[in-house]
file final-v6.cif (mmCIF, C-alpha atoms and all ligand atoms)
data_query
loop_
_atom_site.label_atom_id
_atom_site.label_comp_id
_atom_site.auth_asym_id
_atom_site.auth_seq_id
_atom_site.Cartn_x
_atom_site.Cartn_y
_atom_site.Cartn_z
CA MET A 7 0.00 0.00 0.00
CA ARG A 8 1.18 3.52 -0.78
CA ASP A 9 0.87 6.49 1.59
CA VAL A 10 -1.81 9.02 0.63
CA ALA A 11 -1.75 12.78 1.21
CA ILE A 12 -4.46 15.43 1.16
CA ILE A 13 -3.05 18.27 -0.93
CA GLY A 14 -6.10 20.50 -1.46
CA ILE A 15 -9.30 21.49 0.36
CA GLY A 16 -12.41 23.42 -0.69
CA LEU A 17 -15.65 24.33 1.04
CA THR A 18 -18.76 26.37 0.28
CA LYS A 19 -20.76 28.19 2.89
CA PHE A 20 -23.33 25.89 4.53
CA GLY A 21 -26.92 27.07 4.98
CA GLU A 22 -30.07 27.81 3.02
CA LEU A 23 -28.41 28.67 -0.28
CA TRP A 24 -31.29 29.80 -2.49
CA ASP A 25 -29.04 31.61 -4.97
CA GLN A 26 -26.86 28.54 -5.70
CA SER A 27 -27.65 25.44 -7.75
CA PHE A 28 -26.52 21.86 -7.04
CA ARG A 29 -24.10 22.22 -9.96
CA SER A 30 -22.67 25.58 -8.88
CA LEU A 31 -22.11 24.35 -5.31
CA ILE A 32 -20.03 21.33 -6.28
CA ALA A 33 -18.14 23.36 -8.90
CA GLU A 34 -17.29 26.00 -6.25
CA ALA A 35 -15.98 23.49 -3.69
CA GLY A 36 -14.12 21.47 -6.34
CA SER A 37 -12.42 24.45 -7.98
CA LYS A 38 -11.33 25.80 -4.57
CA ALA A 39 -9.74 22.41 -3.73
CA ILE A 40 -8.01 22.15 -7.11
CA LEU A 41 -6.65 25.71 -6.86
CA ASP A 42 -5.47 25.02 -3.29
CA SER A 43 -3.66 21.84 -4.37
CA GLY A 44 -1.60 23.22 -7.23
CA ILE A 45 -2.66 20.46 -9.64
CA GLY A 46 -3.94 21.07 -13.16
CA GLY A 47 -6.97 19.39 -14.71
CA LYS A 48 -4.69 17.05 -16.69
CA ASP A 49 -3.34 15.56 -13.45
CA ILE A 50 -6.71 14.19 -12.25
CA ASP A 51 -7.06 10.39 -12.59
CA ALA A 52 -10.52 9.96 -11.04
CA MET A 53 -13.33 11.58 -9.07
CA TYR A 54 -15.45 10.15 -6.23
CA ILE A 55 -18.56 12.04 -5.13
CA GLY A 56 -20.59 11.49 -1.97
CA SER A 57 -24.28 12.39 -2.17
CA MET A 58 -27.05 10.77 -0.17
CA SER A 59 -30.26 11.53 -2.01
CA SER A 60 -29.84 14.03 -4.82
CA GLY A 61 -32.67 12.28 -6.68
CA ARG A 62 -35.20 13.13 -3.99
CA PHE A 63 -33.75 16.49 -2.92
CA VAL A 64 -33.16 18.08 -6.36
CA GLY A 65 -34.47 15.48 -8.84
CA GLN A 66 -31.00 14.73 -10.18
CA GLU A 67 -29.29 11.34 -10.23
CA HIS A 68 -26.20 10.30 -12.24
CA ILE A 69 -24.10 12.54 -10.03
CA GLY A 70 -20.63 11.16 -10.88
CA ALA A 71 -20.79 12.21 -14.51
CA LEU A 72 -22.65 15.42 -13.67
CA VAL A 73 -19.87 16.54 -11.35
CA ALA A 74 -17.14 15.81 -13.92
CA ASP A 75 -19.22 17.76 -16.45
CA ALA A 76 -19.92 20.69 -14.08
CA SER A 77 -16.20 20.86 -13.27
CA GLY A 78 -15.35 21.21 -16.97
CA PHE A 79 -13.75 17.77 -17.33
CA SER A 80 -16.26 16.00 -19.58
CA HIS A 81 -13.81 16.19 -22.51
CA ARG A 82 -11.22 14.26 -20.47
CA HIS A 83 -13.61 11.34 -19.81
CA ILE A 84 -12.27 10.88 -16.26
CA PRO A 85 -13.79 7.96 -14.28
CA ALA A 86 -16.29 9.72 -11.99
CA THR A 87 -18.20 7.65 -9.44
CA ARG A 88 -20.98 8.55 -7.00
CA VAL A 89 -20.83 6.84 -3.58
CA GLU A 90 -23.83 6.52 -1.23
CA GLY A 91 -24.01 5.52 2.43
CA ALA A 92 -26.66 7.89 3.85
CA CYS A 93 -25.05 10.68 5.94
CA ALA A 94 -21.69 8.86 5.65
CA SER A 95 -21.65 9.22 1.84
CA GLY A 96 -18.93 11.90 1.91
CA SER A 97 -16.41 9.96 3.97
CA LEU A 98 -17.14 6.80 1.97
CA ALA A 99 -16.14 8.78 -1.14
CA VAL A 100 -12.93 9.82 0.64
CA ARG A 101 -12.23 6.18 1.54
CA GLN A 102 -12.81 4.99 -2.04
CA GLY A 103 -10.42 7.65 -3.35
CA TYR A 104 -7.92 6.79 -0.62
CA LEU A 105 -8.04 3.05 -1.45
CA SER A 106 -7.63 3.71 -5.18
CA ILE A 107 -4.42 5.69 -4.57
CA ALA A 108 -3.07 3.40 -1.83
CA SER A 109 -3.52 0.42 -4.16
CA GLY A 110 -1.53 2.13 -6.92
CA ILE A 111 -4.38 2.47 -9.42
CA ASN A 112 -4.60 6.28 -9.28
CA ASP A 113 -2.12 9.04 -8.38
CA VAL A 114 -4.39 12.08 -8.06
CA VAL A 115 -8.08 11.93 -7.16
CA VAL A 116 -10.65 14.66 -6.53
CA ILE A 117 -13.27 13.94 -3.85
CA GLY A 118 -16.53 15.86 -3.62
CA GLY A 119 -19.41 15.78 -1.19
CA ILE A 120 -22.70 17.54 -1.81
CA GLU A 121 -26.32 17.85 -0.73
CA LYS A 122 -28.89 20.53 -1.48
CA MET A 123 -31.69 19.77 0.97
CA ASN A 124 -33.70 22.99 1.15
CA ASP A 125 -35.20 22.81 -2.35
CA VAL A 126 -37.88 20.56 -0.83
CA GLY A 127 -40.09 21.41 2.17
CA GLY A 128 -39.32 20.36 5.74
CA SER A 129 -41.58 17.30 5.82
CA GLN A 130 -40.24 16.03 2.49
CA ALA A 131 -36.66 16.51 3.77
CA THR A 132 -37.51 14.52 6.91
CA GLU A 133 -39.14 11.78 4.83
CA THR A 134 -36.12 11.63 2.50
CA LEU A 135 -33.70 11.38 5.41
CA ALA A 136 -35.84 8.61 6.91
CA THR A 137 -35.21 6.46 3.82
CA ALA A 138 -31.84 5.73 5.46
CA ALA A 139 -33.63 4.12 8.42
CA ASP A 140 -35.14 0.63 8.21
CA GLN A 141 -38.34 1.09 6.17
CA GLU A 142 -40.14 -2.02 7.42
CA TRP A 143 -39.26 -1.76 11.10
CA GLU A 144 -38.80 1.98 11.70
CA ALA A 145 -39.89 4.48 9.03
CA PHE A 146 -43.17 2.64 8.30
CA PHE A 147 -44.17 3.20 11.93
CA GLY A 148 -43.34 6.90 11.75
CA ALA A 149 -39.87 6.84 13.30
CA THR A 150 -37.79 9.75 11.95
CA PHE A 151 -34.11 10.31 12.76
CA PRO A 152 -34.84 12.76 15.60
CA ALA A 153 -37.11 10.02 17.06
CA LEU A 154 -34.48 7.28 16.71
CA TYR A 155 -31.75 9.38 18.33
CA ALA A 156 -34.25 10.41 21.04
CA MET A 157 -34.59 6.69 21.91
CA ILE A 158 -30.79 6.43 22.14
CA ALA A 159 -30.76 9.53 24.38
CA LYS A 160 -33.47 8.13 26.69
CA ARG A 161 -31.58 4.84 27.02
CA HIS A 162 -28.28 6.65 27.67
CA MET A 163 -29.97 8.69 30.41
CA HIS A 164 -31.43 5.49 31.91
CA GLU A 165 -28.20 3.44 31.74
CA HIS A 166 -25.59 6.08 32.48
CA GLY A 167 -27.37 8.95 34.21
CA THR A 168 -26.76 11.36 31.34
CA THR A 169 -28.82 14.53 31.77
CA LYS A 170 -30.70 16.90 29.46
CA LYS A 171 -28.31 19.62 30.64
CA GLN A 172 -25.29 17.59 29.47
CA LEU A 173 -26.94 17.17 26.05
CA ALA A 174 -27.52 20.93 25.95
CA GLU A 175 -23.87 21.60 26.81
CA VAL A 176 -22.84 19.83 23.58
CA ALA A 177 -24.97 22.30 21.57
CA VAL A 178 -23.64 25.32 23.50
CA LYS A 179 -20.02 24.25 22.88
CA ASN A 180 -20.55 23.53 19.19
CA HIS A 181 -22.32 26.85 18.60
CA ALA A 182 -19.42 28.63 20.36
CA ASN A 183 -17.04 26.96 17.87
CA GLY A 184 -19.36 27.53 14.88
CA ALA A 185 -19.57 31.24 15.73
CA LYS A 186 -15.86 31.36 14.83
CA ASN A 187 -16.34 29.55 11.50
CA PRO A 188 -17.11 31.77 8.48
CA TYR A 189 -18.61 28.80 6.59
CA ALA A 190 -21.05 27.76 9.34
CA GLN A 191 -24.84 27.85 8.87
CA TYR A 192 -25.48 29.19 12.40
CA ARG A 193 -22.68 31.58 13.35
CA LYS A 194 -24.10 32.43 16.73
CA GLU A 195 -23.39 31.51 20.31
CA ILE A 196 -26.37 30.15 22.24
CA SER A 197 -26.96 29.87 25.98
CA LEU A 198 -27.78 26.78 28.00
CA ASP A 199 -31.14 28.36 28.74
CA ILE A 200 -32.01 28.68 25.03
CA VAL A 201 -31.14 25.04 24.35
CA MET A 202 -32.95 23.69 27.43
CA ASN A 203 -36.11 25.66 26.62
CA ALA A 204 -36.19 25.21 22.85
CA SER A 205 -39.32 23.72 21.33
CA PRO A 206 -39.44 19.93 21.64
CA VAL A 207 -38.72 17.85 18.53
CA ALA A 208 -38.61 14.30 19.96
CA GLU A 209 -38.28 14.08 23.76
CA PRO A 210 -35.69 14.61 25.20
CA LEU A 211 -34.34 16.33 22.06
CA GLY A 212 -35.39 19.90 21.36
CA LEU A 213 -34.79 22.12 18.33
CA MET A 214 -31.31 23.07 19.54
CA ASP A 215 -30.27 19.43 20.03
CA CYS A 216 -30.71 18.82 16.28
CA SER A 217 -28.46 19.48 13.31
CA PRO A 218 -30.31 21.56 10.72
CA VAL A 219 -31.40 20.90 7.14
CA SER A 220 -28.60 22.36 5.00
CA ASP A 221 -27.23 23.02 1.53
CA GLY A 222 -23.49 22.84 0.94
CA SER A 223 -20.54 21.16 -0.64
CA ALA A 224 -16.94 20.24 0.22
CA ALA A 225 -14.02 18.87 -1.77
CA LEU A 226 -10.53 17.43 -1.32
CA VAL A 227 -7.64 16.60 -3.63
CA LEU A 228 -5.86 13.35 -2.66
CA CYS A 229 -2.47 12.41 -4.06
CA ALA A 230 0.07 9.60 -3.66
CA ALA A 231 2.27 10.95 -0.84
CA GLU A 232 5.47 10.29 -2.82
CA LYS A 233 4.21 12.71 -5.53
CA ALA A 234 2.63 15.34 -3.25
CA LYS A 235 5.76 17.51 -3.23
CA ASN A 236 5.39 17.96 -7.00
CA TYR A 237 2.35 20.13 -6.26
CA THR A 238 2.58 21.62 -2.76
CA ASP A 239 4.56 21.56 0.47
CA LYS A 240 1.52 21.93 2.77
CA PHE A 241 0.11 18.42 2.71
CA VAL A 242 -1.45 16.28 5.40
CA LYS A 243 -1.22 12.47 5.37
CA ILE A 244 -4.10 10.03 5.86
CA ILE A 245 -2.52 7.51 8.24
CA GLY A 246 -5.60 5.44 9.09
CA SER A 247 -8.88 4.64 7.35
CA GLY A 248 -11.60 2.41 8.79
CA GLN A 249 -15.19 1.53 7.96
CA GLY A 250 -17.84 -0.48 9.76
CA SER A 251 -21.45 -1.53 9.31
CA ASP A 252 -24.30 -2.65 11.60
CA THR A 253 -28.03 -3.42 11.58
CA LEU A 254 -30.10 -0.75 9.84
CA ALA A 255 -32.70 -0.83 12.63
CA LEU A 256 -31.86 0.07 16.21
CA HIS A 257 -33.71 -2.88 17.76
CA GLY A 258 -31.25 -5.43 16.31
CA ARG A 259 -28.33 -4.08 18.34
CA LYS A 260 -27.15 -5.47 21.66
CA ASP A 261 -26.79 -1.97 23.12
CA ILE A 262 -28.32 1.02 21.31
CA CYS A 263 -26.03 3.42 23.21
CA THR A 264 -22.96 1.92 21.50
CA LEU A 265 -22.49 2.32 17.76
CA ASP A 266 -20.56 -0.88 17.04
CA ALA A 267 -19.92 0.30 13.46
CA THR A 268 -18.00 3.24 14.96
CA VAL A 269 -16.10 0.98 17.37
CA HIS A 270 -15.12 -1.29 14.45
CA ALA A 271 -14.16 1.56 12.08
CA ALA A 272 -12.10 3.23 14.83
CA LYS A 273 -10.31 -0.01 15.66
CA MET A 274 -9.31 -0.40 12.00
CA ALA A 275 -8.09 3.19 11.72
CA TYR A 276 -6.17 3.17 15.04
CA LYS A 277 -4.50 -0.14 14.13
CA GLN A 278 -3.39 1.12 10.73
CA ALA A 279 -2.12 4.40 12.22
CA LYS A 280 -0.45 2.51 15.10
CA LEU A 281 -2.08 4.97 17.49
CA ASP A 282 -4.40 4.97 20.51
CA PRO A 283 -7.25 7.37 21.29
CA LYS A 284 -4.92 9.26 23.67
CA ASP A 285 -2.67 10.18 20.71
CA ILE A 286 -5.43 12.16 18.96
CA ASP A 287 -5.14 15.95 19.34
CA LEU A 288 -8.62 16.85 18.04
CA ALA A 289 -11.61 15.24 16.36
CA GLU A 290 -14.59 16.09 14.21
CA VAL A 291 -17.34 13.65 15.23
CA HIS A 292 -20.84 13.01 13.88
CA ASP A 293 -23.08 15.15 16.12
CA CYS A 294 -26.29 14.97 14.05
CA PHE A 295 -27.98 15.20 17.46
CA THR A 296 -26.33 16.17 20.74
CA ILE A 297 -26.59 12.59 22.07
CA ALA A 298 -24.67 11.38 18.99
CA GLU A 299 -21.60 13.38 20.05
CA ILE A 300 -21.74 11.87 23.54
CA CYS A 301 -21.93 8.33 22.12
CA ALA A 302 -19.18 9.11 19.59
CA ILE A 303 -16.59 10.29 22.11
CA GLU A 304 -17.23 7.09 24.08
CA ASP A 305 -17.17 4.75 21.07
CA LEU A 306 -13.97 6.36 19.72
CA GLY A 307 -12.31 5.64 23.07
CA PHE A 308 -11.74 9.25 24.22
CA VAL A 309 -13.73 8.57 27.40
CA LYS A 310 -15.19 5.46 29.07
CA LYS A 311 -18.66 4.21 28.00
CA GLY A 312 -21.20 6.20 29.99
CA ASP A 313 -18.84 9.09 30.79
CA GLY A 314 -19.51 11.16 27.64
CA GLY A 315 -22.00 13.53 29.26
CA LYS A 316 -19.76 14.12 32.28
CA ALA A 317 -16.76 14.76 29.99
CA VAL A 318 -18.68 17.51 28.20
CA SER A 319 -19.66 19.08 31.56
CA LYS A 320 -16.01 19.06 32.63
CA ASN A 321 -15.06 21.03 29.47
CA ILE A 322 -12.76 18.25 28.26
CA THR A 323 -14.06 18.71 24.69
CA THR A 324 -13.88 22.52 24.34
CA LEU A 325 -11.40 24.28 22.02
CA ASP A 326 -8.79 24.46 24.79
CA GLY A 327 -9.83 21.17 26.44
CA LYS A 328 -7.94 17.87 26.61
CA ILE A 329 -9.54 16.59 23.39
CA PRO A 330 -11.24 19.39 21.40
CA ILE A 331 -14.31 18.00 19.61
CA ASN A 332 -16.05 19.61 16.62
CA THR A 333 -13.91 22.73 16.38
CA SER A 334 -15.76 23.58 13.14
CA GLY A 335 -19.07 23.87 15.03
CA GLY A 336 -19.93 20.30 14.10
CA LEU A 337 -23.06 19.28 12.24
CA LYS A 338 -25.07 21.13 14.90
CA SER A 339 -23.82 24.64 14.16
CA LYS A 340 -21.82 24.39 10.93
CA GLY A 341 -24.74 22.54 9.29
CA HIS A 342 -25.34 19.07 7.89
CA PRO A 343 -25.74 18.86 4.09
CA VAL A 344 -25.65 15.11 4.46
CA GLY A 345 -23.51 14.02 1.47
CA ALA A 346 -21.02 16.86 2.08
CA THR A 347 -20.55 16.34 5.83
CA GLY A 348 -17.87 13.60 5.81
CA VAL A 349 -15.73 15.57 3.36
CA ALA A 350 -16.22 18.85 5.26
CA GLN A 351 -15.12 17.22 8.53
CA ILE A 352 -11.79 16.34 6.88
CA VAL A 353 -11.48 19.89 5.46
CA GLU A 354 -11.64 21.15 9.08
CA ILE A 355 -9.02 18.66 10.30
CA VAL A 356 -6.68 19.63 7.43
CA GLU A 357 -7.11 23.36 8.22
CA GLN A 358 -6.28 22.62 11.86
CA LEU A 359 -3.22 20.49 11.02
CA ARG A 360 -1.98 23.18 8.60
CA GLY A 361 -2.39 25.79 11.36
CA GLU A 362 -4.94 27.74 9.28
CA ALA A 363 -8.01 27.52 11.54
CA ASP A 364 -7.71 31.11 12.74
CA LYS A 365 -9.85 31.73 15.88
CA ARG A 366 -10.69 28.01 16.07
CA GLN A 367 -7.04 26.93 15.97
CA VAL A 368 -6.11 24.15 18.41
CA ARG A 369 -2.61 24.65 19.79
CA ASP A 370 0.04 22.09 18.68
CA ALA A 371 -2.45 20.06 16.62
CA LYS A 372 -0.53 17.22 14.92
CA ILE A 373 -2.98 14.31 14.71
CA GLY A 374 -6.69 14.71 13.90
CA LEU A 375 -9.56 12.23 13.55
CA ALA A 376 -12.78 12.49 11.52
CA HIS A 377 -15.81 10.31 12.31
CA ASN A 378 -18.87 10.16 10.06
CA VAL A 379 -22.03 8.09 10.57
CA GLY A 380 -24.78 6.94 8.21
CA GLY A 381 -28.31 6.56 9.60
CA SER A 382 -28.53 5.71 13.28
CA GLY A 383 -25.18 3.90 13.05
CA ALA A 384 -25.52 1.29 10.30
CA THR A 385 -22.46 2.78 8.56
CA ALA A 386 -19.48 4.48 10.19
CA VAL A 387 -16.22 5.74 8.74
CA VAL A 388 -13.14 6.95 10.63
CA HIS A 389 -10.07 8.65 9.16
CA ILE A 390 -6.93 9.67 11.03
CA MET A 391 -4.76 12.44 9.59
CA GLU A 392 -1.23 13.57 10.46
CA GLY A 393 0.17 17.06 9.81
CA ARG A 394 3.79 17.69 8.87
N1 LIG A 401 -30.23 24.64 15.10
C1 LIG A 401 -30.36 25.96 15.36
N2 LIG A 401 -31.35 26.71 14.86
C2 LIG A 401 -32.23 26.12 14.06
C3 LIG A 401 -32.14 24.75 13.74
C4 LIG A 401 -31.10 24.00 14.30
N3 LIG A 401 -31.00 22.71 14.06
N4 LIG A 401 -33.14 24.43 12.91
C5 LIG A 401 -33.85 25.56 12.71
N5 LIG A 401 -33.29 26.56 13.41
C6 LIG A 401 -33.82 27.93 13.51
C7 LIG A 401 -34.12 28.49 12.13
O1 LIG A 401 -33.10 29.32 11.65
C8 LIG A 401 -35.37 29.31 12.44
O2 LIG A 401 -34.97 30.52 13.03
P1 LIG A 401 -35.66 31.89 12.57
O3 LIG A 401 -37.13 31.68 12.91
O4 LIG A 401 -34.98 32.93 13.40
O5 LIG A 401 -35.42 31.99 11.11
C9 LIG A 401 -36.10 28.53 13.51
O6 LIG A 401 -35.05 27.78 14.18
C10 LIG A 401 -37.18 27.60 12.99
O7 LIG A 401 -36.64 26.91 11.87
P2 LIG A 401 -37.44 25.91 10.98
O8 LIG A 401 -36.64 25.70 9.73
O9 LIG A 401 -38.86 26.37 10.85
O10 LIG A 401 -37.39 24.59 11.84
P3 LIG A 401 -38.15 23.27 11.54
O11 LIG A 401 -39.04 23.03 12.69
O12 LIG A 401 -38.69 23.23 10.17
O13 LIG A 401 -36.94 22.19 11.57
C11 LIG A 401 -35.74 20.52 12.73
C12 LIG A 401 -36.19 21.99 12.72
C13 LIG A 401 -34.85 20.31 13.95
C14 LIG A 401 -36.96 19.59 12.81
C15 LIG A 401 -34.95 20.22 11.42
O14 LIG A 401 -33.86 21.08 11.34
C16 LIG A 401 -34.49 18.78 11.37
O15 LIG A 401 -35.25 17.90 10.97
N6 LIG A 401 -33.23 18.49 11.75
C17 LIG A 401 -32.71 17.14 11.73
C18 LIG A 401 -32.11 16.80 10.40
C19 LIG A 401 -31.71 15.35 10.33
O16 LIG A 401 -32.43 14.46 10.76
N7 LIG A 401 -30.56 15.07 9.74
C20 LIG A 401 -30.05 13.72 9.59
C21 LIG A 401 -29.46 13.27 10.84
S1 LIG A 401 -29.15 11.54 10.90
#
call {"tool": "encode", "arguments": {"input": "final-v6.cif", "output": "structure tokens"}}
result
Amino acid sequence: MRDVAIIGIGLTKFGELWDQSFRSLIAEAGSKAILDSGIGGKDIDAMYIGSMSSGRFVGQEHIGALVADASGFSHRHIPATRVEGACASGSLAVRQGYLSIASGINDVVVIGGIEKMNDVGGSQATETLATAADQEWEAFFGATFPALYAMIAKRHMHEHGTTKKQLAEVAVKNHANGAKNPYAQYRKEISLDIVMNASPVAEPLGLMDCSPVSDGSAALVLCAAEKAKNYTDKFVKIIGSGQGSDTLALHGRKDICTLDATVHAAKMAYKQAKLDPKDIDLAEVHDCFTIAEICAIEDLGFVKKGDGGKAVSKNITTLDGKIPINTSGGLKSKGHPVGATGVAQIVEIVEQLRGEADKRQVRDAKIGLAHNVGGSGATAVVHIMEGR
């Protein structure tokens, strides 16, 4: 296997982007990443694009070819492939690109992630997202993702004594980070009081415990590490890549508070990187709901199972804490355009490892981890990156 480097990053603003089309969003993120990397169009061997449900959100399928076309590369006939794994689609695209370079098939690959969710109404967006849950056992009975994560939250409270206040503290922290991120959907700090008293969505989760419905796109340029210096001297290496799967429905799992797909993906990535959780300087984790961040920091091994809520209360996960989590604002404040999220998480880690995160910069950040989940945990992907 060859080492793989990330040599370029690109991001659009996340939010309700009425003046942008699906095509213009991916072209913006992709061209930013290509410009950042120093490559030319002739250097690109392949493209991998993560998008969860473009067919239902904007009526457009056949995304691989569309993205190559929108990027101006149709005349080069580059292999362009769309990858889907619900909200983990973006990081699955990264992993496919990574594997294609590590195996020696490609040298330079462009990765894109995109979703434009606001072109449909709220109930249609919720219904579309719910297609990633188990149709027969969950969605058919009216279970949406807020409802499924609410069940996880209730169980976590019952088993481990996690409180509504601890859930709220995740949102407060992530909004404080997102307020420092120019690309975030909600660039505003919020108080504990606002989160605790927000309108209920699915008990115990309120409006401010939920990631929003978002439009946005992110892109990366990956390159064989041995060739990265031909283009740039500010590259970051991918030193671990892991992926796991699990039952689509929650009821099939032995413990709904543990995402075994995350545990498995993390184990793979740590083993490849020859690192332990204690070696990680910062992480972007999948906080689609506040409880998801608490489960994630436990399942990734940063704290013991059951201690996630207490860790947040003790400020272990703040920007200047022992293990800063979601310095970008996370899905909660930065936004969650589902197919773009996994790619955008890695954009944040690369900015941090290059020392370019401005007011969000974590001091002495050398090793960063990105964790992306599909559905309620049926797919999980973990990447570990090392700065120079
Ligand atoms: N965080 C912070 N503020 C939010 C927000 C969020 N998640 N969602 C909406 N808001 C704000 C809006 O900006 C708006 O403020 P304004 O009145 O000042 O403009 C207000 O709250 C109401 O927004 P609205 O869009 O009407 O909310 P909604 O009730 O239609 O949707 C949710 C709110 C939480 C139901 C929706 O965002 C949602 O379904 N989120 C979950 C998405 C999801 O499941 N993703 C996949 C995860 S696996």
call {"tool": "residues_near_ligand", "arguments": {"input": "final-v6.cif", "ligand": "ligand LIG 401 (chain A)", "cutoff": "7 Å", "atoms": "all atoms listed in the file", "output": "PyMOL selection string"}}
result
chain A and resi 93+128+132+135+151-152+192+207+213-219+294+338-339+342+344+380-382
call {"tool": "residues_around", "arguments": {"input": "final-v6.cif", "residues": "Arg360 (chain A)", "least_positions_apart": "2", "cutoff": "10 Å", "atoms": "only C-alpha atoms", "output": "MDAnalysis selection string"}}
result
chainID A and resid 240:242 354:358 362:363 367 371:372 392:394
call {"tool": "atom_distance", "arguments": {"input": "final-v6.cif", "atom1": "CA of Ala289 (chain A)", "atom2": "CA of Pro330 (chain A)"}}
result
6.5 Å
call {"tool": "residues_around", "arguments": {"input": "final-v6.cif", "residues": "Ala350 (chain A)", "least_positions_apart": "4", "cutoff": "7 Å", "atoms": "only C-alpha atoms", "output": "list in words"}}
result
Leu17, Ala224, Ala346 and Glu354 of chain A
call {"tool": "closest_residue", "arguments": {"input": "final-v6.cif", "among": "A:Ser334, A:Ser30, A:Ser59, A:Gln191", "to": "Gln130 (chain A)", "atoms": "only C-alpha atoms"}}
result
A:Ser59
call {"tool": "residues_around", "arguments": {"input": "final-v6.cif", "residues": "Ala33 (chain A)", "least_positions_apart": "4", "cutoff": "7 Å", "atoms": "only C-alpha atoms", "output": "PyMOL selection string"}}
result
chain A and resi 29+37+76-77
call {"tool": "closest_residue", "arguments": {"input": "final-v6.cif", "among": "A:Ala74, A:Met123, A:Val291, A:Ile373", "to": "Gly47 (chain A)", "atoms": "only C-alpha atoms"}}
result
A:Ala74
call {"tool": "atom_distance", "arguments": {"input": "final-v6.cif", "atom1": "CA of Phe28 (chain A)", "atom2": "CA of Ile120 (chain A)"}}
result
7.8 Å
call {"tool": "closest_residue", "arguments": {"input": "final-v6.cif", "among": "A:Pro85, A:Thr137, A:Gly341, A:Ile69", "to": "Thr150 (chain A)", "atoms": "all atoms listed in the file"}}
result
A:Thr137
call {"tool": "decode", "arguments": {"input": "final-v6.cif", "residues": "region 185-189 of chain A", "atoms": "all heavy atoms", "output": "PDB file, in the first residue's frame"}}
result
ATOM      1  N   ALA A 185     -19.551  29.776  15.811  1.00  0.00           N
ATOM      2  CA  ALA A 185     -19.572  31.242  15.725  1.00  0.00           C
ATOM      3  C   ALA A 185     -18.241  31.764  15.187  1.00  0.00           C
ATOM      4  O   ALA A 185     -18.164  32.869  14.645  1.00  0.00           O
ATOM      5  CB  ALA A 185     -19.862  31.832  17.100  1.00  0.00           C
ATOM      6  N   LYS A 186     -17.193  30.950  15.307  1.00  0.00           N
ATOM      7  CA  LYS A 186     -15.856  31.357  14.834  1.00  0.00           C
ATOM      8  C   LYS A 186     -15.572  30.844  13.418  1.00  0.00           C
ATOM      9  O   LYS A 186     -14.461  30.984  12.921  1.00  0.00           O
ATOM     10  CB  LYS A 186     -14.794  30.799  15.793  1.00  0.00           C
ATOM     11  CG  LYS A 186     -14.921  31.300  17.221  1.00  0.00           C
ATOM     12  CD  LYS A 186     -13.793  30.707  18.082  1.00  0.00           C
ATOM     13  CE  LYS A 186     -13.792  31.258  19.491  1.00  0.00           C
ATOM     14  NZ  LYS A 186     -14.908  30.804  20.336  1.00  0.00           N
ATOM     15  N   ASN A 187     -16.572  30.171  12.809  1.00  0.00           N
ATOM     16  CA  ASN A 187     -16.337  29.550  11.497  1.00  0.00           C
ATOM     17  C   ASN A 187     -17.114  30.296  10.410  1.00  0.00           C
ATOM     18  O   ASN A 187     -18.343  30.246  10.378  1.00  0.00           O
ATOM     19  CB  ASN A 187     -16.787  28.080  11.557  1.00  0.00           C
ATOM     20  CG  ASN A 187     -16.481  27.336  10.270  1.00  0.00           C
ATOM     21  OD1 ASN A 187     -16.121  27.935   9.256  1.00  0.00           O
ATOM     22  ND2 ASN A 187     -16.623  26.025  10.303  1.00  0.00           N
ATOM     23  N   PRO A 188     -16.408  30.970   9.492  1.00  0.00           N
ATOM     24  CA  PRO A 188     -17.105  31.771   8.476  1.00  0.00           C
ATOM     25  C   PRO A 188     -17.998  30.944   7.548  1.00  0.00           C
ATOM     26  O   PRO A 188     -18.861  31.497   6.888  1.00  0.00           O
ATOM     27  CB  PRO A 188     -15.961  32.430   7.691  1.00  0.00           C
ATOM     28  CG  PRO A 188     -14.721  31.717   8.079  1.00  0.00           C
ATOM     29  CD  PRO A 188     -14.950  31.083   9.417  1.00  0.00           C
ATOM     30  N   TYR A 189     -17.808  29.638   7.496  1.00  0.00           N
ATOM     31  CA  TYR A 189     -18.608  28.795   6.594  1.00  0.00           C
ATOM     32  C   TYR A 189     -19.836  28.192   7.275  1.00  0.00           C
ATOM     33  O   TYR A 189     -20.613  27.495   6.643  1.00  0.00           O
ATOM     34  CB  TYR A 189     -17.735  27.661   6.023  1.00  0.00           C
ATOM     35  CG  TYR A 189     -16.658  28.172   5.100  1.00  0.00           C
ATOM     36  CD1 TYR A 189     -15.395  28.484   5.575  1.00  0.00           C
ATOM     37  CD2 TYR A 189     -16.930  28.378   3.746  1.00  0.00           C
ATOM     38  CE1 TYR A 189     -14.417  28.983   4.729  1.00  0.00           C
ATOM     39  CE2 TYR A 189     -15.962  28.879   2.893  1.00  0.00           C
ATOM     40  CZ  TYR A 189     -14.702  29.182   3.394  1.00  0.00           C
ATOM     41  OH  TYR A 189     -13.762  29.677   2.545  1.00  0.00           O
TER      42      TYR A 189
END
